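J.: Right, I'll just put the structure down here and ask away after.
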Amino acid sequence: MNYEAVLAGLPDAVIAVDTSLRIVFWNAAAEVLTERSARRAEGRLVKEVFPAESSVVRRLGETLATGESRSEPEALVERPDGRPVPVSIVTAPLFGRDGSVEAAVAVLRDLSRIRQLEAEVRRGETLAAAGRMAVGLAHEIRNPLGAIRGAVQLLKRELHAERRLAEYTDVLVTEVDRVNRIIEMLLDLARPVQLRLVPLNLHQLLEAVALLGEEGARERNVALVRRYDPSLPPILGDEDRLLQVFHNLVRNALDAMKDGGRLTLTTRVSLNPLFGKMDLGAGQQHMVEAIFADEGAGIPAAARARIFDPFFTTKDKGLGLGLAICHRILEEHRGAIQVESTEGRGTTVTCFLPIAK
Ligand SMILES: Nc1ncnc2c1ncn2[C@@H]1O[C@H](COP(=O)(O)OP(=O)(O)OP(=O)(O)O)[C@@H](O)[C@H]1O
Ligand SMILES: [Mg+2]
């Protein structure tokens with residue numbers, strides 16, 4: 001049995017040190033996790049590779065000194081560029097023939113994907129809580145609003161001779177309708193949406209949205225670029241809901257491009273972002289991506305974690321519900337949404353959608 005081949009193939013990072021804490025083994029997963037090659041790591045002291053006070057160094061030292069295993073469920077490993085990766089660490093001693101400690105092994109498991117999924121679940125919970133509140137509120141607000149709207153319309157009829165006053169009633173109706181729309185949007189977050197899933201041509205949907213956005217794009221000096229994959233298979237989706245998603249994303253992109261630029265719509269088939277990372281059951285291996293890439297202001301790092309929160313907005317007239325609703329709708333489609341952004345350069349939003357079988 002070639003044990004080294006087994007260790008090399010493990011998905012967890014395995015690092016072994018001798019009694020002087022010199023690295024004697026560094027598997028492929030350790031190379032990926034730490035972004036340091038085995039060639040550069042092996043033969044060096046572990047504290048030359050990681051900071052001397054880091055968890056890995058400390059735990060390995062303790063294991064060598066005591067001959068006991070150590071574990072740390074939440075630790076950090078720094079990549080060469082300083083980026084920290086969340087890991088769990090377990091160390092174990094290796095004993096020689098005479099029973100003395102000869103070496104120590106550390107097994108590091110990358111937790112970043114799990115952390116990402118946890119954040120995703122938390123986000124879903126926040127949305128659900130906001131939705132439940134909305135249902136209660138909507139009930140209390142919609143009835144009086146209906147009464148106000150009706151009364152205003154009666155008033156308007158009485159006032160029809162008085163032009164000047166009719167202007168006020170128009171404002172009242174418009175604003176009542178606006179509040180109603182906000183409530184409708186909140187309810188969208190809350191109710192279990194009944195999707196009407198049918199095979200759809202994604203390019204037709206994108207073109208419908210592009211047409212709606214054309215006017216706004218021209219005003220802002222934004223050029224629409226299409227990079228469609230002509231062999232794209234039909235997707236399985238709910239037409240109205242997906243139009244709502246794409247419309248929101250185009251509006252966000254246009255809002256971000258005050259000084260013009262390009263909005264590139266790309267379609268392609270790709271691997272499911274979750275495939276291979278977790279058990280998807282009968283989950284699909286391939287999905288369709290609809291990508292909205294703008295050259296706008298980008299999203300500041302501090303805002304990035306909050307853009308999906310309901311009511312998080314940086315706009316004067318924004319509600320902060322657009323992305324929360326997009327997230328909800330794509331989740332219902334068993335799809336996903338991903339946002340990447342560089343401040344000053346632009347933002348790329350990718351929607352993952354299932355392929356119609
Ligand atoms: N393409 C983008 N470029 C830059 N910032 C963006 C982009 N998309 C979203 N954002 C940021 O995320 C925030 C939340 O977006 P979201 O669509 O949820 O709400 P909103 O656009 O502010 O309001 P609305 O409810 O009208 O959509 C925005 O206020 C903006 O700061
Ligand atoms: Mg928006």
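Chains: A, B, ... in order of the structure tokens. Residues: from 1 per chain. Ligands: from 1, in order shown.
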Enumerate as an NGL selection string the residues within 6 Å of ligand 2, counting only C-alpha atoms and all ligand atoms.
T.: :A and (248 or 252 or 322)
J.: Selection from above, C-alpha atoms, as a PDB file, in the first residue's frame, can you write it?
T.:
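Output file again_38.pdb follows:
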```
ATOM      1  CA  ASN A 248     -34.061  44.458 -11.132  1.00  0.00           C
ATOM      2  CA  ASN A 252     -29.208  48.220 -10.529  1.00  0.00           C
ATOM      3  CA  GLY A 322     -34.542  44.375  -5.369  1.00  0.00           C
TER       4      GLY A 322
END
```
J.: Report as a ChimeraX atom specification all protein, DNA and RNA residues lying within 12 Å of segment 83-86 of chain A, evaluated on only C-alpha atoms, omitting residues in the same chain fewer than 3 positions from it.
T.: /A:32-35,50,54-55,72-80,89,108-116
J.: Those same residues, written as a PDB file, in the first residue's frame with C-alpha atoms?
T.:
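Output (result.pdb):
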```pdb
ATOM      1  CA  VAL A  32      -4.262  24.420  -2.411  1.00  0.00           C
ATOM      2  CA  LEU A  33      -5.349  25.541   1.055  1.00  0.00           C
ATOM      3  CA  THR A  34      -2.237  27.558   1.888  1.00  0.00           C
ATOM      4  CA  GLU A  35      -1.334  28.532  -1.684  1.00  0.00           C
ATOM      5  CA  PHE A  50       3.192  30.257   9.207  1.00  0.00           C
ATOM      6  CA  SER A  54      -0.449  30.794  14.695  1.00  0.00           C
ATOM      7  CA  SER A  55      -2.668  27.889  15.722  1.00  0.00           C
ATOM      8  CA  GLU A  72      -9.149  23.414  17.322  1.00  0.00           C
ATOM      9  CA  PRO A  73     -12.525  23.598  15.547  1.00  0.00           C
ATOM     10  CA  GLU A  74     -12.189  27.271  14.558  1.00  0.00           C
ATOM     11  CA  ALA A  75      -8.812  28.554  13.473  1.00  0.00           C
ATOM     12  CA  LEU A  76      -7.377  30.698  10.712  1.00  0.00           C
ATOM     13  CA  VAL A  77      -4.603  30.076   8.240  1.00  0.00           C
ATOM     14  CA  GLU A  78      -3.079  32.985   6.382  1.00  0.00           C
ATOM     15  CA  ARG A  79      -2.433  32.836   2.673  1.00  0.00           C
ATOM     16  CA  PRO A  80       0.767  34.470   1.345  1.00  0.00           C
ATOM     17  CA  ILE A  89      -7.206  21.751  12.923  1.00  0.00           C
ATOM     18  CA  LEU A 108      -6.498  21.092   8.283  1.00  0.00           C
ATOM     19  CA  ARG A 109      -9.983  21.247   6.844  1.00  0.00           C
ATOM     20  CA  ASP A 110     -11.029  24.231   4.745  1.00  0.00           C
ATOM     21  CA  LEU A 111     -14.245  25.667   6.227  1.00  0.00           C
ATOM     22  CA  SER A 112     -14.717  28.591   3.832  1.00  0.00           C
ATOM     23  CA  ARG A 113     -17.338  26.852   1.693  1.00  0.00           C
ATOM     24  CA  ILE A 114     -19.297  25.812   4.796  1.00  0.00           C
ATOM     25  CA  ARG A 115     -19.088  29.363   6.142  1.00  0.00           C
ATOM     26  CA  GLN A 116     -20.422  30.631   2.815  1.00  0.00           C
TER      27      GLN A 116
END
```
J.: Throw together the list of residues within 8 Å of ligand 1, counting only C-alpha atoms and all ligand atoms, and drop it here as a ChimeraX atom specification.
T.: /A:248-257,293-294,296-299,303-304,306-315,317-325,341,346-349
J.: Counting only C-alpha atoms, figure out which residue out of A:Ala29, A:Leu186, A:Ala119, A:Ile329 gets nearest to Val245 of chain A.
T.: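 Using only C-alpha atoms, Val245 of chain A sits closest to A:Ile329.
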J.: Using DSSP on the backbone coordinates, identify the residues of segment 37-189 of chain A assigned to strand (DSSP E or B); present them as JSON, numbers by chain.
T.: {"A": [45, 70, 71, 72, 73, 74, 75, 76, 77, 78, 84, 85, 86, 87, 88, 89, 90, 91, 92, 93, 94, 95, 101, 102, 103, 104, 105, 106, 107, 108, 109, 110]}
J.: Take the residues just selected and output them with C-alpha atoms as a CSV table (one decimal), in the first residue's frame.
T.:
```
chain,number,residue,atom,x,y,z
A,45,LEU,CA,10.6,25.1,9.8
A,70,ARG,CA,-4.9,18.5,19.9
A,71,SER,CA,-7.8,20.0,18.1
A,72,GLU,CA,-9.1,23.4,17.3
A,73,PRO,CA,-12.5,23.6,15.5
A,74,GLU,CA,-12.2,27.3,14.6
A,75,ALA,CA,-8.8,28.6,13.5
A,76,LEU,CA,-7.4,30.7,10.7
A,77,VAL,CA,-4.6,30.1,8.2
A,78,GLU,CA,-3.1,33.0,6.4
A,84,PRO,CA,-7.2,34.4,6.1
A,85,VAL,CA,-8.9,31.0,5.5
A,86,PRO,CA,-11.2,29.5,8.2
A,87,VAL,CA,-10.0,26.0,9.1
A,88,SER,CA,-10.4,23.3,11.7
A,89,ILE,CA,-7.2,21.8,12.9
A,90,VAL,CA,-6.5,18.3,14.4
A,91,THR,CA,-3.0,17.2,15.3
A,92,ALA,CA,-1.7,13.8,16.2
A,93,PRO,CA,1.7,12.4,17.4
A,94,LEU,CA,3.6,9.7,15.4
A,95,PHE,CA,5.5,7.4,17.7
A,101,VAL,CA,7.4,11.0,19.7
A,102,GLU,CA,9.1,11.1,16.3
A,103,ALA,CA,6.8,13.4,14.4
A,104,ALA,CA,3.5,15.2,14.4
A,105,VAL,CA,0.8,15.5,11.8
A,106,ALA,CA,-1.7,18.3,11.4
A,107,VAL,CA,-4.9,17.8,9.4
A,108,LEU,CA,-6.5,21.1,8.3
A,109,ARG,CA,-10.0,21.2,6.8
A,110,ASP,CA,-11.0,24.2,4.7
```
J.: Based on DSSP run over this structure's backbone, return all residues of segment 55-301 of chain A in helix (DSSP H, G or I), as a VMD selection string.
T.: chain A and resid 55 to 66 112 to 158 163 to 190 202 to 219 239 to 256 301
J.: Tell me, in Å to one decimal, how far atom CA of Arg132 of chain A is from atom CA of Leu236 of chain A.
T.: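 Separation between atom CA of Arg132 of chain A and atom CA of Leu236 of chain A: 28.1 Å.
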J.: Which polymer residues have any atom within 9 Å of an atom of segment 161-173 of chain A, counting only C-alpha atoms, with same-chain residues fewer than 6 positions away left out, as JSON, numbers by chain?
T.: {"A": [148, 149, 152, 153, 155]}
J.: Would you mind exporting the chosen residues as a tab-separated table (two decimals), in the first residue's frame, restricted to C-alpha atoms?
T.:
```tsv
chain	number	residue	atom	x	y	z
A	148	ILE	CA	-58.25	56.16	1.94
A	149	ARG	CA	-57.95	55.56	-1.78
A	152	VAL	CA	-59.88	60.33	-2.14
A	153	GLN	CA	-61.48	59.28	-5.38
A	155	LEU	CA	-63.35	63.63	-3.03
```
J.: Kindly give the distance, in Å, that separates atom CA of Leu242 of chain A and atom CA of Ala223 of chain A, rounded to a single decimal.
T.: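 These two atoms are separated by 22.5 Å.
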J.: For Asn27 of chain A, work out the shell of residues within 10 Å, counting only C-alpha atoms and skipping chain neighbours fewer than 5 positions away, then give it as a PyMOL selection string.
T.: chain A and resi 4-16+32+37-38
J.: Could you check which of A:Asn2, A:Thr342, A:Asn180, A:Gln194 is closest to Pro300 of chain A, using only C-alpha atoms?
T.: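 For Pro300 of chain A, the nearest of the candidates is A:Thr342.
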J.: Measure the distance from atom CA of Arg178 of chain A to atom CA of His160 of chain A in Å and round it to one decimal.
T.: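 The value is 23.3 Å.
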